[in-house]
Each structure stands twice: as C-alpha cells, then as structure tokens.
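Colleague: Got a structure for you, start_33.cif, holding mmCIF, C-alpha atoms.
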data_model
loop_
_atom_site.label_atom_id
_atom_site.label_comp_id
_atom_site.auth_asym_id
_atom_site.auth_seq_id
_atom_site.Cartn_x
_atom_site.Cartn_y
_atom_site.Cartn_z
CA MET A 5 -22.52 -29.19 -37.44
CA GLU A 6 -19.01 -27.81 -36.93
CA ALA A 7 -20.34 -25.09 -34.58
CA SER A 8 -22.25 -27.75 -32.63
CA SER A 9 -19.10 -29.85 -32.33
CA SER A 10 -17.18 -26.78 -31.16
CA ARG A 11 -19.77 -26.04 -28.45
CA SER A 12 -19.61 -29.70 -27.39
CA ARG A 13 -15.83 -29.54 -27.07
CA SER A 14 -16.16 -26.26 -25.12
CA ARG A 15 -18.63 -27.82 -22.68
CA SER A 16 -16.41 -30.86 -22.38
CA GLY A 17 -13.37 -28.63 -21.71
CA SER A 18 -15.29 -26.66 -19.08
CA ALA A 19 -16.35 -29.86 -17.36
CA THR A 20 -12.76 -31.08 -17.38
CA LEU A 21 -11.59 -27.75 -15.95
CA LYS A 22 -14.21 -27.94 -13.20
CA ARG A 23 -13.10 -31.48 -12.37
CA ASP A 24 -9.48 -30.32 -12.31
CA ARG A 25 -10.38 -27.47 -10.00
CA GLY A 26 -12.30 -29.90 -7.87
CA VAL A 27 -9.14 -31.90 -7.30
CA GLY A 28 -7.40 -28.80 -5.88
CA SER A 29 -10.30 -27.52 -3.83
CA GLY A 30 -12.07 -30.68 -2.73
CA SER A 31 -12.92 -31.37 0.83
CA GLY A 32 -9.98 -33.74 1.17
CA SER A 33 -7.24 -31.26 0.20
CA THR A 34 -8.09 -27.89 1.78
CA ALA A 35 -6.41 -26.49 4.89
CA GLN A 36 -9.82 -26.53 6.59
CA SER A 37 -9.92 -30.31 6.23
CA LEU A 38 -6.73 -30.83 8.24
CA ASN A 39 -7.29 -32.16 11.72
CA ASP A 40 -6.26 -30.26 14.85
CA ASP A 41 -3.13 -32.36 15.44
CA THR A 42 -1.84 -31.66 11.94
CA LEU A 43 -2.53 -27.93 12.30
CA ARG A 44 -0.75 -27.85 15.66
CA SER A 45 2.26 -29.46 14.03
CA VAL A 46 2.24 -26.89 11.22
CA PHE A 47 1.81 -23.92 13.56
CA SER A 48 4.54 -25.13 15.90
CA ARG A 49 7.03 -24.90 13.03
CA LEU A 50 6.36 -21.18 12.57
CA ASP A 51 9.20 -19.16 14.03
CA ASP A 52 7.75 -15.67 13.72
CA HIS A 53 5.14 -14.22 16.06
CA PHE A 54 3.61 -12.07 13.33
CA ASP A 55 3.10 -15.19 11.14
CA LEU A 56 1.23 -16.74 14.06
CA ALA A 57 -0.84 -13.58 14.43
CA ARG A 58 -1.83 -13.75 10.76
CA CYS A 59 -2.85 -17.38 11.21
CA CYS A 60 -5.00 -16.39 14.20
CA ALA A 61 -6.89 -14.00 11.95
CA VAL A 62 -7.67 -16.59 9.24
CA CYS A 63 -10.61 -18.32 10.93
CA ASN A 64 -12.07 -19.19 14.31
CA SER A 65 -10.76 -22.75 14.32
CA TRP A 66 -7.15 -21.66 13.70
CA ASN A 67 -7.47 -18.96 16.31
CA ARG A 68 -8.82 -21.52 18.79
CA ILE A 69 -5.99 -23.98 18.17
CA ILE A 70 -3.26 -21.37 18.61
CA LYS A 71 -4.90 -19.85 21.69
CA THR A 72 -5.60 -23.15 23.48
CA THR A 73 -2.19 -24.76 22.90
CA HIS A 74 1.21 -23.72 24.22
CA ILE A 75 2.52 -22.53 20.84
CA MET A 76 2.67 -18.90 21.89
CA ARG A 77 4.31 -19.73 25.20
CA ASP A 78 6.82 -22.04 23.54
CA LEU A 79 7.77 -19.32 21.07
CA TYR A 80 8.01 -16.80 23.89
CA CYS A 81 10.32 -19.07 25.89
CA LYS A 82 12.39 -19.73 22.80
CA ARG A 83 12.91 -15.98 22.38
CA ASN A 84 13.24 -15.42 26.16
CA PRO A 85 15.04 -18.44 27.75
CA GLN A 86 14.96 -16.77 31.19
CA ALA A 87 11.16 -17.13 31.19
CA ARG A 88 11.25 -20.92 30.83
CA GLY A 89 9.89 -22.65 33.89
CA SER A 90 7.78 -19.70 34.94
CA SER A 91 4.37 -20.73 36.19
CA SER A 92 2.63 -17.52 35.10
CA ASP A 93 0.46 -17.81 32.03
CA ILE A 94 1.20 -15.47 29.15
CA SER A 95 -1.90 -14.16 27.42
CA MET A 96 -1.77 -13.66 23.69
CA LYS A 97 -2.75 -10.02 24.07
CA SER A 98 0.01 -9.14 26.53
CA TYR A 99 2.50 -11.22 24.55
CA PHE A 100 1.88 -9.31 21.33
CA GLU A 101 1.76 -5.98 23.15
CA GLU A 102 5.18 -6.66 24.60
CA LEU A 103 6.57 -7.76 21.25
CA ALA A 104 5.13 -4.71 19.50
CA VAL A 105 6.64 -2.31 22.06
CA ASP A 106 10.00 -4.11 21.82
CA GLU A 107 9.96 -3.71 18.05
CA HIS A 108 9.02 -0.03 18.43
CA ILE A 109 11.95 0.56 20.81
CA SER A 110 14.33 -1.27 18.48
CA ALA A 111 13.14 0.75 15.47
CA LEU A 112 13.55 4.10 17.21
CA SER A 113 16.89 3.24 18.80
CA ARG A 114 18.69 1.41 15.99
CA GLY A 115 16.51 1.40 12.88
CA SER A 116 16.37 3.49 9.74
CA SER A 117 13.75 6.15 9.06
CA ASP A 118 12.06 8.21 6.38
CA VAL A 119 10.07 11.42 6.61
CA TYR A 120 6.76 11.93 4.83
CA GLN A 121 5.83 15.59 4.47
CA TRP A 122 2.66 17.21 3.15
CA THR A 123 0.88 20.56 3.23
CA GLY A 124 -1.87 20.19 5.80
CA HIS A 125 -3.07 23.73 6.49
CA SER A 126 -3.50 26.97 4.61
CA MET A 127 -1.59 28.98 7.20
CA ARG A 128 0.28 27.02 9.87
CA ALA A 129 0.02 24.12 12.29
CA THR A 130 1.66 24.37 15.69
CA LEU A 131 0.18 21.38 17.55
CA CYS A 132 -0.30 17.69 16.77
CA ARG A 133 -1.64 14.62 18.52
CA MET A 134 -1.47 10.99 17.38
CA LYS A 135 -3.62 8.13 18.72
CA SER A 136 -4.76 4.76 17.38
CA GLY A 137 -3.50 5.35 13.86
CA SER A 138 -4.92 8.88 13.49
CA ILE A 139 -3.24 12.29 13.59
CA LEU A 140 -4.93 15.55 14.60
CA THR A 141 -3.26 18.85 13.69
CA GLY A 142 -4.15 22.50 14.02
CA VAL A 143 -3.90 25.89 15.76
CA GLY A 144 -3.13 28.70 13.35
CA ASP A 145 -5.93 28.70 10.76
CA LYS A 146 -8.95 27.97 13.04
CA ILE A 147 -9.36 24.47 11.58
CA LEU A 148 -8.45 21.09 13.02
CA ARG A 149 -7.68 18.34 10.52
CA LEU A 150 -7.63 14.58 11.01
CA TRP A 151 -5.22 12.38 9.00
CA SER A 152 -4.35 8.72 8.64
CA ALA A 153 -0.99 8.02 10.28
CA GLU A 154 -0.37 5.16 7.85
CA SER A 155 -1.24 6.74 4.49
CA CYS A 156 -1.17 10.49 5.42
CA LYS A 157 -4.60 10.79 3.79
CA PHE A 158 -7.05 13.47 4.88
CA MET A 159 -9.94 12.06 6.94
CA ASN A 160 -11.97 14.99 8.27
CA GLU A 161 -11.81 18.60 9.40
CA TYR A 162 -13.41 20.56 12.22
CA ASN A 163 -14.11 24.28 12.17
CA VAL A 164 -13.68 26.33 15.32
CA PRO A 165 -16.97 28.20 15.87
CA ASN A 166 -17.35 31.97 16.27
CA ALA A 167 -13.89 32.59 14.89
CA LYS A 168 -12.31 31.55 18.19
CA THR A 169 -8.64 30.68 18.35
CA LEU A 170 -7.67 27.35 19.89
CA VAL A 171 -4.77 27.18 22.29
CA ASP A 172 -4.79 23.42 22.87
CA PHE A 173 -6.68 20.25 21.88
CA ASP A 174 -6.83 16.49 22.29
CA PHE A 175 -8.96 13.59 21.03
CA ASP A 176 -9.96 9.97 21.48
CA GLU A 177 -11.82 7.41 19.35
CA ASN A 178 -15.13 9.27 19.68
CA LYS A 179 -14.58 12.95 20.42
CA ILE A 180 -12.33 15.90 19.76
CA VAL A 181 -11.91 18.49 22.51
CA GLY A 182 -10.49 21.95 21.85
CA LEU A 183 -9.67 24.78 24.27
CA THR A 184 -9.91 28.50 23.57
CA SER A 185 -8.83 31.01 26.20
CA SER A 186 -12.29 30.87 27.85
CA GLN A 187 -14.33 28.03 26.31
CA LEU A 188 -14.32 24.37 25.35
CA CYS A 189 -15.38 23.08 21.94
CA ILE A 190 -16.36 19.44 21.48
CA TRP A 191 -16.84 17.62 18.17
CA ARG A 192 -17.85 14.08 17.28
CA ARG A 193 -15.10 12.45 15.25
CA SER A 194 -17.57 11.69 12.47
CA GLU A 195 -19.00 15.22 12.19
CA PRO A 196 -17.25 18.50 11.26
CA ARG A 197 -19.72 20.67 13.18
CA SER A 198 -19.16 21.25 16.89
CA ILE A 199 -21.71 19.55 19.10
CA PHE A 200 -21.01 21.65 22.14
CA LEU A 201 -19.53 25.04 23.00
CA SER A 202 -19.29 25.73 26.71
CA GLY A 203 -21.27 28.82 27.64
CA GLY A 204 -20.05 31.58 29.92
CA ALA A 205 -16.45 31.99 30.96
CA SER A 206 -15.89 29.72 33.94
CA TRP A 207 -12.18 30.42 33.53
CA ASN A 208 -10.15 33.20 31.99
CA HIS A 209 -6.98 32.92 29.94
CA GLY A 210 -6.80 29.14 29.62
CA LEU A 211 -3.32 28.18 28.44
CA CYS A 212 -3.32 24.37 28.28
CA MET A 213 -5.49 21.33 28.84
CA SER A 214 -5.38 17.58 29.43
CA TYR A 215 -8.28 15.33 28.48
CA ALA A 216 -9.38 11.93 29.79
CA ASP A 217 -13.06 11.21 29.22
CA PRO A 218 -15.27 12.39 30.90
CA GLU A 219 -13.12 15.22 32.29
CA VAL A 220 -10.99 18.02 30.90
CA VAL A 221 -8.48 19.77 33.16
CA ILE A 222 -7.67 23.34 32.11
CA GLY A 223 -4.55 25.19 33.25
CA CYS A 224 -4.91 28.96 33.48
CA GLU A 225 -2.81 32.09 33.60
CA ASP A 226 -3.66 32.70 37.27
CA GLY A 227 -2.13 29.35 38.31
CA ARG A 228 -5.42 27.54 38.87
CA ALA A 229 -6.65 24.28 37.33
CA PHE A 230 -10.32 23.91 36.41
CA VAL A 231 -11.76 20.40 36.21
CA TYR A 232 -14.59 20.42 33.65
CA ASP A 233 -17.10 17.57 33.66
CA MET A 234 -18.29 16.90 30.10
CA TYR A 235 -21.50 15.15 31.20
CA SER A 236 -22.79 17.85 33.54
CA ARG A 237 -21.23 20.54 31.32
CA SER A 238 -19.88 22.47 34.25
CA CYS A 239 -16.73 22.95 36.29
CA SER A 240 -16.81 20.38 39.07
CA ARG A 241 -13.62 21.40 40.89
CA ILE A 242 -11.12 24.26 40.97
CA PHE A 243 -7.60 23.79 42.36
CA ARG A 244 -4.69 26.12 42.98
CA LEU A 245 -1.59 24.56 41.43
CA HIS A 246 0.78 27.51 41.18
CA SER A 247 1.11 31.21 41.87
CA SER A 248 2.26 31.69 38.28
CA PRO A 249 0.74 30.65 34.91
CA VAL A 250 0.22 26.93 34.32
CA THR A 251 2.12 26.19 31.09
CA CYS A 252 1.47 22.45 30.66
CA LEU A 253 -0.64 19.67 32.15
CA THR A 254 -0.93 15.92 32.25
CA ILE A 255 -3.43 13.83 34.22
CA THR A 256 -4.08 10.29 35.38
CA ASP A 257 -7.03 8.76 37.19
CA ASP A 258 -5.42 9.78 40.48
CA LEU A 259 -3.19 12.77 39.76
CA ILE A 260 -3.05 16.20 38.18
CA VAL A 261 0.49 17.26 37.24
CA GLY A 262 1.09 20.84 36.12
CA GLY A 263 4.21 22.78 35.12
CA CYS A 264 4.55 26.53 35.45
CA ARG A 265 6.41 29.56 34.15
CA PHE A 266 8.61 29.73 37.26
CA GLY A 267 10.09 26.28 36.70
CA THR A 268 8.28 24.08 39.22
CA ILE A 269 5.89 21.15 38.75
CA ALA A 270 2.95 20.67 41.12
CA ILE A 271 1.39 17.27 41.81
CA ALA A 272 -2.14 17.24 43.20
CA ASP A 273 -4.76 14.63 44.02
CA HIS A 274 -7.21 14.45 41.12
CA ASN A 275 -10.30 14.32 43.34
CA SER A 276 -9.50 16.53 46.32
CA GLY A 277 -6.94 18.87 44.80
CA GLN A 278 -4.63 18.36 47.77
CA LYS A 279 -1.02 19.15 46.95
CA LEU A 280 1.06 15.98 47.13
CA GLY A 281 4.38 17.51 46.19
CA VAL A 282 6.31 20.08 44.19
CA LEU A 283 9.15 19.14 41.85
CA LYS A 284 12.00 21.58 41.31
CA SER A 285 14.92 21.67 38.94
CA ALA A 286 18.49 22.22 40.09
CA PHE A 287 18.88 24.57 37.11
CA ALA A 288 16.08 27.03 37.96
CA PRO A 289 15.00 29.62 37.05
CA LEU A 290 13.58 28.17 33.86
CA GLU A 291 10.12 27.64 32.39
CA ILE A 292 8.58 24.17 32.15
CA ARG A 293 7.30 23.97 28.55
CA CYS A 294 6.05 20.37 28.29
CA LEU A 295 5.23 17.35 30.44
CA CYS A 296 4.94 13.62 29.87
CA LEU A 297 4.10 10.96 32.46
CA SER A 298 4.88 7.25 32.24
CA THR A 299 2.40 5.22 34.27
CA ASN A 300 4.38 2.03 33.58
CA SER A 301 7.63 3.23 35.16
CA GLN A 302 6.12 5.96 37.40
CA LEU A 303 8.36 8.64 35.92
CA ILE A 304 7.62 12.27 35.02
CA PHE A 305 9.47 13.85 32.09
CA ALA A 306 9.65 17.56 31.32
CA GLY A 307 11.22 19.89 28.78
CA SER A 308 12.28 23.40 29.71
CA SER A 309 13.08 26.79 28.20
CA ALA A 310 16.81 26.31 28.79
CA GLY A 311 17.04 23.12 26.70
CA TYR A 312 17.03 20.71 29.62
CA ALA A 313 15.16 17.42 29.68
CA HIS A 314 14.20 16.40 33.23
CA CYS A 315 13.11 13.16 34.87
CA TRP A 316 11.65 12.66 38.35
CA ASP A 317 10.57 9.49 40.12
CA LEU A 318 6.88 9.89 40.94
CA ARG A 319 7.15 7.55 43.94
CA THR A 320 9.93 9.44 45.71
CA LEU A 321 9.46 12.90 44.07
CA ARG A 322 13.22 12.99 43.54
CA PRO A 323 15.06 13.84 40.32
CA LEU A 324 16.66 10.91 38.47
CA TRP A 325 18.46 12.97 35.87
CA GLU A 326 18.54 16.41 34.25
CA GLU A 327 20.38 16.68 30.95
CA ARG A 328 20.80 19.64 28.63
CA VAL A 329 19.96 17.81 25.43
CA SER A 330 19.45 20.99 23.37
CA PRO A 331 21.03 24.45 23.39
CA ASN A 332 17.58 26.05 23.09
CA VAL A 333 13.95 25.73 24.19
CA ILE A 334 12.33 22.29 24.26
CA TYR A 335 8.73 22.64 23.15
CA SER A 336 7.56 19.03 23.22
CA ALA A 337 8.40 15.63 24.74
CA HIS A 338 6.43 12.42 24.36
CA HIS A 339 6.73 8.62 24.37
CA LEU A 340 4.59 5.70 23.29
CA PRO A 341 2.40 4.36 26.14
CA GLY A 342 4.10 1.21 27.38
CA ASP A 343 7.54 2.26 26.15
CA THR A 344 9.87 2.55 29.16
CA ALA A 345 13.05 3.01 27.11
CA THR A 346 12.80 5.96 24.69
CA LEU A 347 11.59 9.56 24.90
CA ALA A 348 11.19 11.83 21.85
CA VAL A 349 12.17 15.48 22.34
CA GLY A 350 11.86 18.44 19.97
CA GLY A 351 12.30 22.18 20.15
CA ILE A 352 13.49 25.39 18.61
CA ASP A 353 16.71 24.02 17.08
CA GLY A 354 14.70 21.63 14.87
CA VAL A 355 16.57 18.44 15.75
CA LEU A 356 14.44 15.42 16.62
CA ARG A 357 16.14 13.75 19.57
CA LEU A 358 15.53 10.28 20.98
CA VAL A 359 16.55 10.13 24.63
CA CYS A 360 17.01 7.18 26.99
CA GLN A 361 14.33 7.33 29.67
CA ARG A 362 16.57 5.74 32.30
CA THR A 363 19.69 7.89 31.93
CA GLY A 364 18.84 10.96 29.87
CA ASP A 365 21.53 10.08 27.32
CA THR A 366 20.73 11.03 23.74
CA ILE A 367 20.36 7.93 21.56
CA GLN A 368 19.83 9.59 18.18
CA ARG A 369 19.74 13.09 16.69
CA LEU A 370 17.80 13.31 13.43
CA VAL A 371 17.23 15.89 10.69
CA VAL A 372 16.13 15.71 7.05
CA ASP A 373 18.90 14.67 4.63
CA ALA A 374 19.80 17.40 2.14
CA ASP A 375 21.92 15.17 -0.08
CA ARG A 376 19.07 12.93 -1.28
CA GLN A 377 16.31 14.06 -3.57
CA ALA A 378 12.79 13.80 -2.22
CA GLU A 379 10.26 11.43 -3.81
CA SER A 380 6.71 12.61 -4.40
CA THR A 381 3.40 10.78 -4.30
CA SER A 382 -0.11 12.19 -4.48
CA THR A 383 -3.42 11.48 -2.81
CA SER A 384 -6.81 12.86 -3.74
CA ARG A 385 -6.21 15.92 -1.55
CA ASN A 386 -2.51 16.46 -1.00
CA GLN A 387 0.96 15.75 -2.37
CA ILE A 388 3.29 13.79 -0.11
CA GLU A 389 7.07 14.10 -0.27
CA LYS A 390 9.22 11.26 0.97
CA LYS A 391 12.55 12.44 2.39
CA ARG A 392 15.48 10.51 3.77
CA VAL A 393 16.67 11.13 7.32
CA ARG A 394 20.19 12.04 8.38
CA LYS A 395 21.69 11.10 11.74
CA VAL A 396 23.59 13.97 13.33
CA ASP A 397 26.87 13.13 15.04
CA PRO A 398 27.09 14.06 18.74
CA ASP A 399 29.99 16.45 18.11
CA ALA A 400 28.50 18.04 14.95
CA ARG A 401 27.88 21.79 14.97
CA LEU A 402 24.20 22.52 14.41
CA ASP A 403 25.08 25.89 12.89
CA ASN A 404 26.50 24.01 9.91
CA ILE A 405 23.13 22.37 9.19
CA PRO A 406 20.83 24.69 7.17
CA ARG A 407 17.72 25.84 9.01
CA ARG A 408 15.49 24.63 6.17
CA LEU A 409 16.51 21.08 7.09
CA ARG A 410 15.75 21.59 10.76
CA PRO A 411 12.77 23.93 11.17
CA GLN A 412 11.71 24.38 14.77
CA ILE A 413 9.64 21.51 16.17
CA THR A 414 6.65 23.15 17.85
CA SER A 415 4.95 19.87 18.76
CA LEU A 416 5.46 16.13 18.43
CA SER A 417 3.53 12.96 19.23
CA VAL A 418 4.73 9.36 19.24
CA GLY A 419 2.86 6.37 17.83
CA MET A 420 3.90 2.81 17.00
CA LYS A 421 7.20 3.21 15.09
CA LYS A 422 6.10 6.73 14.08
CA ILE A 423 6.58 10.30 15.26
CA VAL A 424 4.49 13.17 13.89
CA THR A 425 5.87 16.72 14.09
CA THR A 426 4.56 20.21 13.38
CA HIS A 427 6.85 23.16 12.76
CA GLY A 428 4.81 26.36 12.89
CA GLU A 429 4.49 26.14 9.11
CA ASN A 430 1.69 24.87 6.86
CA TYR A 431 3.19 21.41 6.46
CA ILE A 432 3.18 18.27 8.63
CA ARG A 433 5.87 15.64 8.92
CA ILE A 434 5.61 12.03 10.00
CA TRP A 435 8.81 10.14 10.74
CA LYS A 436 8.44 6.40 10.09
CA PHE A 437 11.00 4.05 11.63
CA SER A 438 11.89 0.53 10.46
CA PRO A 439 13.70 -2.04 12.60
CA LYS A 440 17.27 -2.68 11.57
CA SER A 441 17.38 -5.77 9.39
CA SER A 442 19.50 -8.58 10.79
#
Could the structure of this file be written out as structure tokens, please?
Modeller:
Amino acid sequence: MEASSSRSRSRSGSATLKRDRGVGSGSGSTAQSLNDDTLRSVFSRLDDHFDLARCCAVCNSWNRIIKTTHIMRDLYCKRNPQARGSSSDISMKSYFEELAVDEHISALSRGSSDVYQWTGHSMRATLCRMKSGSILTGVGDKILRLWSAESCKFMNEYNVPNAKTLVDFDFDENKIVGLTSSQLCIWRRSEPRSIFLSGGASWNHGLCMSYADPEVVIGCEDGRAFVYDMYSRSCSRIFRLHSSPVTCLTITDDLIVGGCRFGTIAIADHNSGQKLGVLKSAFAPLEIRCLCLSTNSQLIFAGSSAGYAHCWDLRTLRPLWEERVSPNVIYSAHHLPGDTATLAVGGIDGVLRLVCQRTGDTIQRLVVDADRQAESTSTSRNQIEKKRVRKVDPDARLDNIPRRLRPQITSLSVGMKKIVTTHGENYIRIWKFSPKSS
C-alpha cells in the first residue's frame, strides 16, 4: 500500500514537472512564437556583427528577417558614418568579408599572439600552404601531411610514389598537386594514394610551380614555363620567361609572373605567353626567392636573396618601394587574399616580420619568447606546445637573440588571423593572433 502510494506520488510529481516544463516551452513563450516585428526590434538592439551572424545561423526565419531588413546596413553605417547616405546596397556576404579582413588586419598589426608548435614529420618540413582552415606541409621525408589550422590535429597524409622527391606543392578543397623535378603527382584530398603520376618527362629540372585548377604552371631551370592541363594530362603551352632558372611563380586567370636567379621578374599573358613586361630591382644583382600577387590592389610583392622586400604596381610596372627588411635571405612572403594592408615575410634570420603593403615599413618583428615556459597539450597523434611570442624592438640586435628562438623560416602561409611556418626541421609552427582588446 505504501509502495503504491509512493508510485502515485512519483507519477503525480512527474506530471507536475511536465506541466511546469510546459509553461517554459509552450507555444506562447518560445522565441519561435515571436512575431517578425518583435524579432526585428530585438535584432536591431544587437551591437555586434558576429552576434547577428550567430542569429542568422539559428533558423531560416531569423536569417530571412535579418537579410530582408536594413539591420546589417544600419549597423554598417553606425560603424562607418561616411557610408551613410550611399545608395549602394551592402550584401551580407561582402559585409562580413570586409569585417573579417578588418579584424585580421587589426590582429596582425596590433594584437597579441601565441605560437603552437608540434612535431609533424620524421625528418624535416621545408614548405607549407594554408587554405580554408587546412595546412599542408612537406618536402624532406617524401610525405605530405594535412593538418587542421584550428586544432593542429592530423587529418591525412600522402605518400610520394616511386621514392620521388617533391620540390613544390599546392592544394585546394579537392586535390593536392605535387611537383618533382620531372613529374606531377595528384592526390584526392580524401585518399592517401596518388591518383595520377604524369608519364614521360615533358620538362626537365622543374624548380617551382603555381596551381589554379585546371592548370599547373611549372618553372624550370632553363628559364621556360610549362603550362600543364590536368584534364588532357599534357602540356598545353610552353613559354620562355627568362634566360636563367625560374625560381618562383604566381599566376592569375590572365597572367603568369615568374622570378629568376638573375633578379628580374617576367610578366606574360597566360594564354599567349606574350611578354608584357619585365620588373627589375634597383639593387640588382640579387635572386628573387619568392613572389606574391595581390589582385585586389594590383601589386606584386617579392623577397630577394639580399634581404629586400619589393613592391611593384602591376598597372604601371613601376616600383612602389624596395626596403631591406632583413639582413639575410628572404625565403617566403605571403598575405591573406583580400588583405591590402599587411604582408608577412620570413627568411634565414628566423624573425617573422609583418610589413605594410603600402609603404614597406615593418609593423612588427616577432620571435618566440624565451622567458615564458611553454604549455603542452596532446592530441591522439602529436603533442602541441603553446609558446608566447616576443616583439623585437626595431633597434634590437638580432645576434643577442638565441638561434633556437628564431630558427630560419623556410616557408610561411597566411590564413585568417593565423600564420603557419616551417623551419627546415621536423616541427611546424602556427602563429595565432588575437585582436587587441579595447
């Protein structure tokens, strides 16, 4: 009888609990039950674009209300008073892209940063690429490895067939393309086995490549550029860029831009191969070691063997500035697509430099901080060390900074508020930047 009474009280309590829950989750009290006018009023009180973005992702109705009202434009005009009164419509996509790039520039120029370091290869990694939240590293142990830029976790690896040695590589959301001295290797991102190995040596002594699906442009020791069509699996065009070895390449839909060992940069039409111009440095002779092209500002950036960073205007083919930002060789220079303010530069002295794209002035000089103990975390495959970053004063002597804190930067690649670097060692570093808190 007592047990029966207890069960009755339990059922009664459960029913009460369900009724109580019903009060909080009934159709009259949920956010979904609010009418459009009420939601507009709530959303208009949000003062942060990222809060609005999160609301857009909640459900279709919220997304519709935010997209079809002027909330985004009102917030934009509030942040940018000079835009008020403009008749041009601001799409949500372009609005957030602009805000994201602005935050990236602010983080790199004025924010704080930490370095996350992990052992990525058994021997060494000399090259890295970063795109859409993924990092690809390799050259040294005949294996390419793919990592998450956010968590540093291992994602996949790709073996180079026939014990070939890669000299360059690149990737996109679907494929990975690697260059040996005489062949191309292509992998699907989802599969470790190569799906294609170009047969027969169409070129000899390939030194560098640039990839934009469906073509790969290969720069060779004899100064020629070979345009390889990935669909027909053959070389579609061969151009003469230089009389000396092509050391670096970058391409657009319209142009092929190649640097050489004698210090000049050739610009050719992508389709015809016709030479459109040759860029020269006032500080020649020097070797062009890396290239980076900004399609937004129509500028070409280069790093050279004498430590100079160079900038030319693609429209006039005239130099804008040439600054010796490093006492030694610059191996790599890169910027985030859409960023027209900052350029990351690294080389043999091991200092990560952030340079102003417009003037060539150095904004920040960064190395690992020796005075703070590293923190360690582990994933299923690798141990990650978190290190603090030290800003180097402009007048500081680099000789006084131990080499272990500034190993040579053999390659770097810039992502959203991140820079990944390789150092010719078995570890990889990713520098994560945070905007300065107000």
Colleague: Name the residues captured by the PyMOL selection byres ((chain A and resi 241) around 10) when it is applied to the shown file; answer as a list in words.
Modeller: Val221, Ala229, Phe230, Val231, Tyr232, Asp233, Ser238, Cys239, Ser240, Ile242, Phe243, His274, Asn275, Ser276 and Gly277 of chain A
Colleague: Using only C-alpha atoms, which of the listed residues (A:Leu321, A:Cys156, A:Cys224, A:Leu150) sits closest to Ile271 of chain A?
Modeller: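 Among the listed residues, A:Leu321 lies closest to Ile271 of chain A.
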Colleague: Compile a residue-level contact table for segment 33-135 of chain A against segment 159-180 of chain A at a cut-off of 12 Å, reporting for every qualifying residue the shortest atom pair and its distance in Å to one decimal, with all atoms listed in the file counted, rows ordered by chain and ascending number, as a tab-separated table.
Modeller:
residue	atom	partner	partner_atom	distance
A:Gly124	CA	A:Glu161	CA	10.7
A:His125	CA	A:Glu161	CA	10.5
A:Ala129	CA	A:Leu170	CA	11.3
A:Thr130	CA	A:Val171	CA	9.6
A:Leu131	CA	A:Asp172	CA	7.6
A:Cys132	CA	A:Phe173	CA	8.6
A:Arg133	CA	A:Asp174	CA	6.7
A:Met134	CA	A:Phe175	CA	8.7
A:Lys135	CA	A:Asp176	CA	7.2
Colleague: Between A:Asn39, A:Ser330, A:Ser110, A:Ser417, which residue has the minimum interatomic distance to Ala153 of chain A, considering only C-alpha atoms?
Modeller: A:Ser417
Colleague: Identify which of the residues A:Gly350, A:Gly307, A:Pro341, A:Gly364 lies closest to Arg410 of chain A, counting all atoms listed in the file when measuring atom-to-atom distances.
Modeller: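 Ranking A:Gly350, A:Gly307, A:Pro341, A:Gly364 by distance to Arg410 of chain A, first place goes to A:Gly350.
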Colleague: Give as a PyMOL selection string the residues that the PyMOL selection byres ((chain A and resi 372) around 6) matches when applied to the coordinates above.
Modeller: chain A and resi 371+373+393-394+409
Colleague: Taking only C-alpha atoms into account, which of A:Tyr120, A:Phe266, A:Phe158, A:Tyr335 comes nearest Lys422 of chain A?
Modeller: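 Going through A:Tyr120, A:Phe266, A:Phe158, A:Tyr335 one by one, the smallest distance to Lys422 of chain A is for A:Tyr120.
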Colleague: Just to confirm, what's the straight-line distance from atom CA of Ala57 of chain A to atom CA of Lys71 of chain A in Å (one decimal)?
Modeller: 10.4 Å
Colleague: Could you write out as a VMD selection string the residues that the PyMOL selection byres ((chain A and resi 426) around 6) matches in the shown file?
Modeller: chain A and resid 130 413 to 415 425 427 432
Colleague: Can you list, as a PyMOL selection string, every protein, DNA or RNA residue that comes within 10 Å of Met420 of chain A when you count only C-alpha atoms, leaving out same-chain residues fewer than 3 positions away?
Modeller: chain A and resi 104-105+107-109+111-112+134-137+153+339-341+343+423+436-437
Colleague: How about saving the chosen residues, C-alpha atoms kept, as a PDB file, keeping the file's coordinate frame?
Modeller:
ATOM      1  CA  ALA A 104       5.130  -4.710  19.500  1.00  0.00           C
ATOM      2  CA  VAL A 105       6.640  -2.310  22.060  1.00  0.00           C
ATOM      3  CA  GLU A 107       9.960  -3.710  18.050  1.00  0.00           C
ATOM      4  CA  HIS A 108       9.020  -0.030  18.430  1.00  0.00           C
ATOM      5  CA  ILE A 109      11.950   0.560  20.810  1.00  0.00           C
ATOM      6  CA  ALA A 111      13.140   0.750  15.470  1.00  0.00           C
ATOM      7  CA  LEU A 112      13.550   4.100  17.210  1.00  0.00           C
ATOM      8  CA  MET A 134      -1.470  10.990  17.380  1.00  0.00           C
ATOM      9  CA  LYS A 135      -3.620   8.130  18.720  1.00  0.00           C
ATOM     10  CA  SER A 136      -4.760   4.760  17.380  1.00  0.00           C
ATOM     11  CA  GLY A 137      -3.500   5.350  13.860  1.00  0.00           C
ATOM     12  CA  ALA A 153      -0.990   8.020  10.280  1.00  0.00           C
ATOM     13  CA  HIS A 339       6.730   8.620  24.370  1.00  0.00           C
ATOM     14  CA  LEU A 340       4.590   5.700  23.290  1.00  0.00           C
ATOM     15  CA  PRO A 341       2.400   4.360  26.140  1.00  0.00           C
ATOM     16  CA  ASP A 343       7.540   2.260  26.150  1.00  0.00           C
ATOM     17  CA  ILE A 423       6.580  10.300  15.260  1.00  0.00           C
ATOM     18  CA  LYS A 436       8.440   6.400  10.090  1.00  0.00           C
ATOM     19  CA  PHE A 437      11.000   4.050  11.630  1.00  0.00           C
TER      20      PHE A 437
END
Colleague: Quick one: distance from atom CA of Arg328 of chain A to atom CA of Arg265 of chain A in Å, one decimal?
Modeller: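 Atom CA of Arg328 of chain A sits 18.3 Å away from atom CA of Arg265 of chain A.
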Colleague: With all atoms listed in the file as the atoms that count, which of A:Glu195, A:Glu379, A:Asp52, A:Asp403 lies nearest to Val355 of chain A?
Modeller: A:Asp403
